[in-house]
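Pasted below: data.txt, compact mmCIF, C-alpha atoms.
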```txt
# COMPACT_ATOMS: atom_id res chain seq x y z
CA MET D 1 0.00 0.00 0.00
CA ASN D 2 1.10 3.60 -0.49
CA GLU D 3 3.18 5.11 2.32
CA ASP D 4 3.00 8.79 1.37
CA PRO D 5 1.92 10.89 4.38
CA ARG D 6 -1.26 12.97 4.41
CA GLY D 7 -0.63 16.29 2.67
CA THR D 8 1.73 14.89 0.02
CA LEU D 9 1.21 16.60 -3.33
CA ARG D 10 2.20 15.12 -6.70
CA ARG D 11 2.02 16.85 -10.10
CA SER D 12 1.80 15.35 -13.58
CA SER D 13 3.68 16.76 -16.57
CA ASP D 14 0.42 18.28 -17.87
CA GLY D 15 -0.39 20.00 -14.55
CA GLY D 16 -2.76 17.51 -12.93
CA LEU D 17 -2.48 17.26 -9.15
CA LEU D 18 -2.80 14.39 -6.66
CA VAL D 19 -3.22 15.25 -2.98
CA ARG D 20 -2.96 12.62 -0.23
CA GLU D 21 -5.83 13.08 2.24
CA PHE D 22 -8.44 11.53 4.49
CA ARG D 23 -12.13 11.45 3.58
CA GLY D 24 -14.01 10.40 6.68
CA ASP D 25 -11.97 7.43 7.87
CA LYS D 26 -10.67 6.52 4.39
CA LEU D 27 -7.11 7.40 3.31
CA GLY D 28 -6.63 8.02 -0.39
CA TRP D 29 -5.89 10.58 -3.08
CA LYS D 30 -7.78 13.58 -4.43
CA LEU D 31 -7.20 13.99 -8.18
CA VAL D 32 -7.48 17.49 -9.65
CA PRO D 33 -7.19 17.23 -13.46
CA SER D 34 -5.28 19.98 -15.26
CA GLU D 35 -8.27 21.00 -17.41
CA SER D 36 -10.86 21.06 -14.64
CA GLU D 37 -11.58 22.39 -11.17
CA HIS D 38 -13.61 19.29 -10.34
CA CYS D 39 -11.80 16.79 -8.15
CA VAL D 40 -12.37 13.11 -7.56
CA PHE D 41 -11.36 11.11 -4.48
CA TYR D 42 -9.85 7.65 -4.91
CA GLY D 43 -9.18 5.27 -2.03
CA ASP D 44 -5.82 3.51 -1.94
CA GLY D 45 -7.21 0.44 -3.68
CA GLU D 46 -8.83 2.49 -6.44
CA ILE D 47 -5.93 4.72 -7.51
CA ASP D 48 -4.18 4.26 -10.87
CA ARG D 49 -0.67 3.18 -9.80
CA THR D 50 0.96 5.11 -12.66
CA TRP D 51 -0.23 8.35 -11.02
CA LEU D 52 1.92 7.52 -7.99
CA GLU D 53 4.97 7.86 -10.24
CA TRP D 54 4.30 11.58 -10.69
CA PRO D 55 6.98 13.69 -8.96
CA ILE D 56 6.28 14.83 -5.41
CA ILE D 57 6.23 18.63 -5.27
CA TRP D 58 5.30 18.92 -1.58
CA CYS D 59 5.60 16.49 1.32
CA PRO D 60 5.12 17.60 4.94
CA ASP D 61 7.30 14.80 6.41
CA SER D 62 10.13 14.78 3.87
CA THR D 63 13.68 14.07 4.99
CA PHE D 64 16.58 16.33 4.06
CA HIS D 65 17.48 14.24 0.99
CA GLU D 66 13.86 13.97 -0.18
CA GLN D 67 13.64 17.77 -0.07
CA ASP D 68 16.31 17.96 -2.80
CA ASN D 69 14.18 15.73 -5.04
CA ILE D 70 11.14 17.87 -4.34
CA ARG D 71 13.02 21.06 -5.29
CA ARG D 72 14.12 19.41 -8.54
CA ALA D 73 10.51 18.45 -9.31
CA GLN D 74 9.54 22.08 -8.70
CA GLY D 75 12.22 23.16 -11.19
CA ARG D 76 14.55 24.62 -8.57
CA GLN D 77 18.17 23.67 -7.90
CA PRO D 78 18.93 21.99 -4.52
```
Is it possible to give me this structure as structure tokens?
Amino acid sequence: MNEDPRGTLRRSSDGGLLVREFRGDKLGWKLVPSESEHCVFYGDGEIDRTWLEWPIIWCPDSTFHEQDNIRRAQGRQP
């Protein structure tokens, strides 16, 4: 199962966003497509696994080394 902490944000190359969050007592991902303001929640078992390969652009519990990868994904130099 996915280990990303709540609040993790991933972005696709076309601008779509995935946000790790709770809905009630269910942990999953909120998908915000790049062409729409409408979002859809997917539980961990429902998520398309290829979306979890999108770069992380924000992670509240990132270690020092993970922060470098996040800055690169944001287009900044570490």
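The interatomic distance for the pair CA of Pro33 in chain D and CA of Glu3 in chain D works out to 22.4 Å.
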Item to complete: Considering all atoms listed in the file, return as a ChimeraX atom specification whatever protein or nucleic-acid residues lie within 10 Å of Gly43 in chain D, sequence-local ones (same chain, fewer than 5 positions apart) excluded.
Response: /D:20-23,26-30
Worksheet, complete the sentence: Atom pair CA of Asp48 in chain D + CA of Pro5 in chain D, distance 17.7 Å
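Shortest atom-to-atom contact with Glu46 in chain D among D:Pro60, D:Gly16, D:Leu31, D:Arg6: D:Leu31, counting all atoms listed in the file.
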Fill in: Residue nearest Arg11 in chain D among D:Gly24, D:Asp44, D:Pro55, D:Ser36 (counting all atoms listed in the file)
D:Pro55
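When CA of Trp54 in chain D is paired with CA of Glu35 in chain D, their separation reads 17.1 Å.
When all atoms listed in the file are used to compute distances to Phe41 in chain D, the closest of the residues D:Val19, D:Asp25, D:Ser12, D:Glu53 turns out to be D:Val19.
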